[in-house]
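Enquirer: Please see the structure below; I have some questions.
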Amino acid sequence: MASQAPPPSKPLKVLMLHGFTQSGPLFHAKTRALEKNLQKAFPAGISLHYPTAPIRLSPTDAPFLADTTAKASNDGGEEQETDAWAWWRRKGDKEPYTYEGMEQGLASVAELLKTEGPFDGVVGFSQGGACAAMVASLLEPGRREGFEAMYPSGGMRYPESFEADTGYVESTVHPPLKFAVSYSGFAARGTDLYKGFYEPKIKTPMLHFLGSLDTIVEEARSLALVNACENSEGRAVYHPGGHFLPSSQKAYVSALIGFIKDVMHNAESGHMKEESVEDMDVPF
């Protein structure tokens, strides 16, 4: 069902996080149809920002990259570095996985939030979808206490890169996001190390797209992320495809547009109510 909410009255700014072995420019190229549809749907303006993750991958990180490197070597006369990047490297053959370099990946996002923000929301694909949920979680009020509560039992510390240089413990580098979207994303589960991201549950409104034929990210891993979010009912959308982002199919683009319109309308309405109360000459 299409959203009845009007589009926001102000321009939107969205952070776009690519998947494992991709780059910002490649993710941008793959989502140009989505970008055009969003620009039509939000006449006040919407800008999508596509950073590249900080960890350069080699053929040993993903076997299929070896073929790409070999082809580049044969075509160009000398071996070229692959243009494949990641927010972290997964360690282990089965769950629970650990994520090497996660601090570096999150720190690069924190720097983007500081230098290019503020952003209204974040959209991520695959590893970027998992990262989008983590970023939304880290910016929520009280999240640091959750991490600190988990630390004695083996949880990670709240990332220093997300702490603001204000002297206030509760301050973060960026205000809470208004929304997050995950395409083929997942939760880091099966270990206490990453529980701070998901306990308590993520409050930021989040929409999840899952491919019914996805063989890269198991459905259970994606559903673990859905279940880690508050008010998740009705926010898991299945498309009849595999591990990709449906950027031009009308039904799934409409679901994204409707979700953003709803959360932004609620955010703007709440802000207007707060302002009207502040303007009232009443004794409280």
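Following the order of the structure tokens, first chain is A, next is B, and so on, with residues numbered from 1 inside each chain and ligands from 1 in the order they appear.
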Restrict the calculation to only C-alpha atoms, then for each residue of range 44-146 of chain A with any atom at most 10 Å from an atom of range 187-197 of chain A give the closest atom pair and their distance in Å to one decimal, rows by chain and rising residue number, as CSV.

Expert:
residue,atom,partner,partner_atom,distance
A:Glu95,CA,A:Gly190,CA,6.4
A:Pro96,CA,A:Gly190,CA,4.7
A:Tyr97,CA,A:Ala188,CA,7.4
A:Thr98,CA,A:Ala188,CA,8.2
A:Tyr99,CA,A:Ala188,CA,8.8
A:Gln127,CA,A:Ala187,CA,9.6
A:Gly129,CA,A:Ala187,CA,9.1
A:Ala130,CA,A:Ala187,CA,6.1
A:Cys131,CA,A:Ala187,CA,9.1
A:Ala133,CA,A:Phe197,CA,8.2
A:Met134,CA,A:Phe197,CA,5.9
A:Val135,CA,A:Phe197,CA,8.8
A:Ala136,CA,A:Phe197,CA,9.1
A:Ser137,CA,A:Phe197,CA,5.8
A:Leu138,CA,A:Phe197,CA,6.9
A:Arg143,CA,A:Gly196,CA,7.5
A:Arg144,CA,A:Gly196,CA,8.2
A:Glu145,CA,A:Gly196,CA,8.8
A:Gly146,CA,A:Gly196,CA,5.6

Enquirer: Any idea what's packed within 9 Å of Pro246 in chain A, counting only C-alpha atoms, ignoring anything in its chain fewer than 2 positions away? Could you give it as a list in words?

Expert: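 Everything that qualifies: Thr31, Leu34, Tyr183, Phe209, His239, Gly241, Phe244, Ser248, Gln249, Lys250, Tyr252 and Val253 of chain A.
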
Enquirer: Write a file of the just-selected residues containing all heavy atoms, as an mmCIF file, in the first residue's frame.

Expert:
data_model
loop_
_atom_site.group_PDB
_atom_site.id
_atom_site.type_symbol
_atom_site.label_atom_id
_atom_site.label_comp_id
_atom_site.auth_asym_id
_atom_site.auth_seq_id
_atom_site.Cartn_x
_atom_site.Cartn_y
_atom_site.Cartn_z
ATOM 1 N N THR A 31 23.045 1.803 -8.724
ATOM 2 C CA THR A 31 21.795 2.327 -8.149
ATOM 3 C C THR A 31 21.356 3.636 -8.803
ATOM 4 O O THR A 31 20.601 4.404 -8.209
ATOM 5 C CB THR A 31 21.950 2.534 -6.624
ATOM 6 O OG1 THR A 31 23.081 3.388 -6.366
ATOM 7 C CG2 THR A 31 22.145 1.213 -5.898
ATOM 8 N N LEU A 34 17.614 3.852 -9.089
ATOM 9 C CA LEU A 34 17.011 4.170 -7.790
ATOM 10 C C LEU A 34 17.164 5.651 -7.483
ATOM 11 O O LEU A 34 16.212 6.307 -7.020
ATOM 12 C CB LEU A 34 17.671 3.334 -6.690
ATOM 13 C CG LEU A 34 17.159 3.568 -5.267
ATOM 14 C CD1 LEU A 34 15.705 3.137 -5.147
ATOM 15 C CD2 LEU A 34 18.020 2.827 -4.254
ATOM 16 N N TYR A 183 19.496 -3.623 2.478
ATOM 17 C CA TYR A 183 19.238 -4.558 1.393
ATOM 18 C C TYR A 183 20.175 -5.754 1.576
ATOM 19 O O TYR A 183 21.408 -5.589 1.555
ATOM 20 C CB TYR A 183 19.512 -3.915 0.039
ATOM 21 C CG TYR A 183 18.502 -2.881 -0.405
ATOM 22 C CD1 TYR A 183 18.633 -1.544 -0.028
ATOM 23 C CD2 TYR A 183 17.406 -3.238 -1.198
ATOM 24 C CE1 TYR A 183 17.708 -0.587 -0.444
ATOM 25 C CE2 TYR A 183 16.479 -2.295 -1.618
ATOM 26 C CZ TYR A 183 16.633 -0.966 -1.233
ATOM 27 O OH TYR A 183 15.719 -0.031 -1.640
ATOM 28 N N PHE A 209 15.081 -5.223 3.078
ATOM 29 C CA PHE A 209 14.761 -5.918 1.834
ATOM 30 C C PHE A 209 15.549 -7.221 1.795
ATOM 31 O O PHE A 209 16.769 -7.225 1.993
ATOM 32 C CB PHE A 209 15.121 -5.066 0.622
ATOM 33 C CG PHE A 209 14.229 -3.877 0.418
ATOM 34 C CD1 PHE A 209 14.520 -2.658 1.004
ATOM 35 C CD2 PHE A 209 13.082 -3.974 -0.364
ATOM 36 C CE1 PHE A 209 13.704 -1.548 0.816
ATOM 37 C CE2 PHE A 209 12.251 -2.877 -0.558
ATOM 38 C CZ PHE A 209 12.568 -1.660 0.033
ATOM 39 N N HIS A 239 11.832 -9.650 -2.138
ATOM 40 C CA HIS A 239 11.749 -9.560 -3.591
ATOM 41 C C HIS A 239 12.147 -10.916 -4.175
ATOM 42 O O HIS A 239 12.937 -11.654 -3.558
ATOM 43 C CB HIS A 239 12.634 -8.430 -4.136
ATOM 44 C CG HIS A 239 14.102 -8.616 -3.909
ATOM 45 N ND1 HIS A 239 14.896 -9.386 -4.734
ATOM 46 C CD2 HIS A 239 14.934 -8.124 -2.947
ATOM 47 C CE1 HIS A 239 16.150 -9.366 -4.298
ATOM 48 N NE2 HIS A 239 16.200 -8.608 -3.211
ATOM 49 N N GLY A 241 14.220 -12.320 -6.024
ATOM 50 C CA GLY A 241 15.525 -12.364 -6.676
ATOM 51 C C GLY A 241 16.601 -12.810 -5.702
ATOM 52 O O GLY A 241 16.315 -13.264 -4.592
ATOM 53 N N PHE A 244 20.981 -8.940 -4.642
ATOM 54 C CA PHE A 244 21.152 -7.671 -5.345
ATOM 55 C C PHE A 244 20.140 -6.670 -4.812
ATOM 56 O O PHE A 244 19.214 -7.020 -4.072
ATOM 57 C CB PHE A 244 20.992 -7.856 -6.863
ATOM 58 C CG PHE A 244 19.596 -8.198 -7.299
ATOM 59 C CD1 PHE A 244 18.672 -7.201 -7.617
ATOM 60 C CD2 PHE A 244 19.186 -9.521 -7.409
ATOM 61 C CE1 PHE A 244 17.385 -7.515 -8.022
ATOM 62 C CE2 PHE A 244 17.899 -9.847 -7.820
ATOM 63 C CZ PHE A 244 16.996 -8.833 -8.122
ATOM 64 N N SER A 248 15.132 -0.697 -9.756
ATOM 65 C CA SER A 248 14.233 -0.165 -10.780
ATOM 66 C C SER A 248 12.835 -0.789 -10.754
ATOM 67 O O SER A 248 11.920 -0.255 -11.373
ATOM 68 C CB SER A 248 14.840 -0.357 -12.174
ATOM 69 O OG SER A 248 15.112 -1.725 -12.418
ATOM 70 N N GLN A 249 12.675 -1.912 -10.043
ATOM 71 C CA GLN A 249 11.358 -2.540 -9.978
ATOM 72 C C GLN A 249 10.414 -1.669 -9.164
ATOM 73 O O GLN A 249 10.677 -1.357 -8.006
ATOM 74 C CB GLN A 249 11.454 -3.944 -9.368
ATOM 75 C CG GLN A 249 12.205 -4.940 -10.239
ATOM 76 C CD GLN A 249 13.680 -5.014 -9.899
ATOM 77 O OE1 GLN A 249 14.285 -4.020 -9.523
ATOM 78 N NE2 GLN A 249 14.247 -6.191 -10.023
ATOM 79 N N LYS A 250 9.298 -1.309 -9.763
ATOM 80 C CA LYS A 250 8.408 -0.293 -9.197
ATOM 81 C C LYS A 250 7.930 -0.621 -7.791
ATOM 82 O O LYS A 250 7.917 0.246 -6.909
ATOM 83 C CB LYS A 250 7.197 -0.098 -10.127
ATOM 84 C CG LYS A 250 6.284 1.048 -9.704
ATOM 85 C CD LYS A 250 5.172 1.280 -10.711
ATOM 86 C CE LYS A 250 4.274 2.427 -10.266
ATOM 87 N NZ LYS A 250 3.172 2.664 -11.237
ATOM 88 N N TYR A 252 9.210 -2.315 -5.359
ATOM 89 C CA TYR A 252 10.203 -2.230 -4.285
ATOM 90 C C TYR A 252 10.734 -0.808 -4.126
ATOM 91 O O TYR A 252 11.065 -0.374 -3.018
ATOM 92 C CB TYR A 252 11.318 -3.243 -4.550
ATOM 93 C CG TYR A 252 10.732 -4.612 -4.801
ATOM 94 C CD1 TYR A 252 10.757 -5.194 -6.056
ATOM 95 C CD2 TYR A 252 10.056 -5.284 -3.777
ATOM 96 C CE1 TYR A 252 10.154 -6.420 -6.295
ATOM 97 C CE2 TYR A 252 9.457 -6.502 -4.004
ATOM 98 C CZ TYR A 252 9.498 -7.075 -5.259
ATOM 99 O OH TYR A 252 8.891 -8.277 -5.483
ATOM 100 N N VAL A 253 10.792 -0.070 -5.213
ATOM 101 C CA VAL A 253 11.135 1.350 -5.122
ATOM 102 C C VAL A 253 10.030 2.096 -4.376
ATOM 103 O O VAL A 253 10.299 2.947 -3.522
ATOM 104 C CB VAL A 253 11.355 1.949 -6.527
ATOM 105 C CG1 VAL A 253 11.568 3.460 -6.425
ATOM 106 C CG2 VAL A 253 12.560 1.295 -7.204
#

Enquirer: Find the spatial neighbours of Thr52 in chain A, counting only C-alpha atoms, within a cut-off of 12 Å - ignore same-chain residues fewer than 4 positions away - and output them as a list in words.

Expert: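 The filter keeps Leu15, Met16, Leu17, His18, Gly19, Phe20, Thr21, Gln22, Ser23, Gly24, Pro25, Leu26, Phe27, His28, Arg56, Asp83, Ala84, Trp85, Ala86, Trp87, Gly105, Ser108, Val109, Leu112 and Gly128 of chain A.
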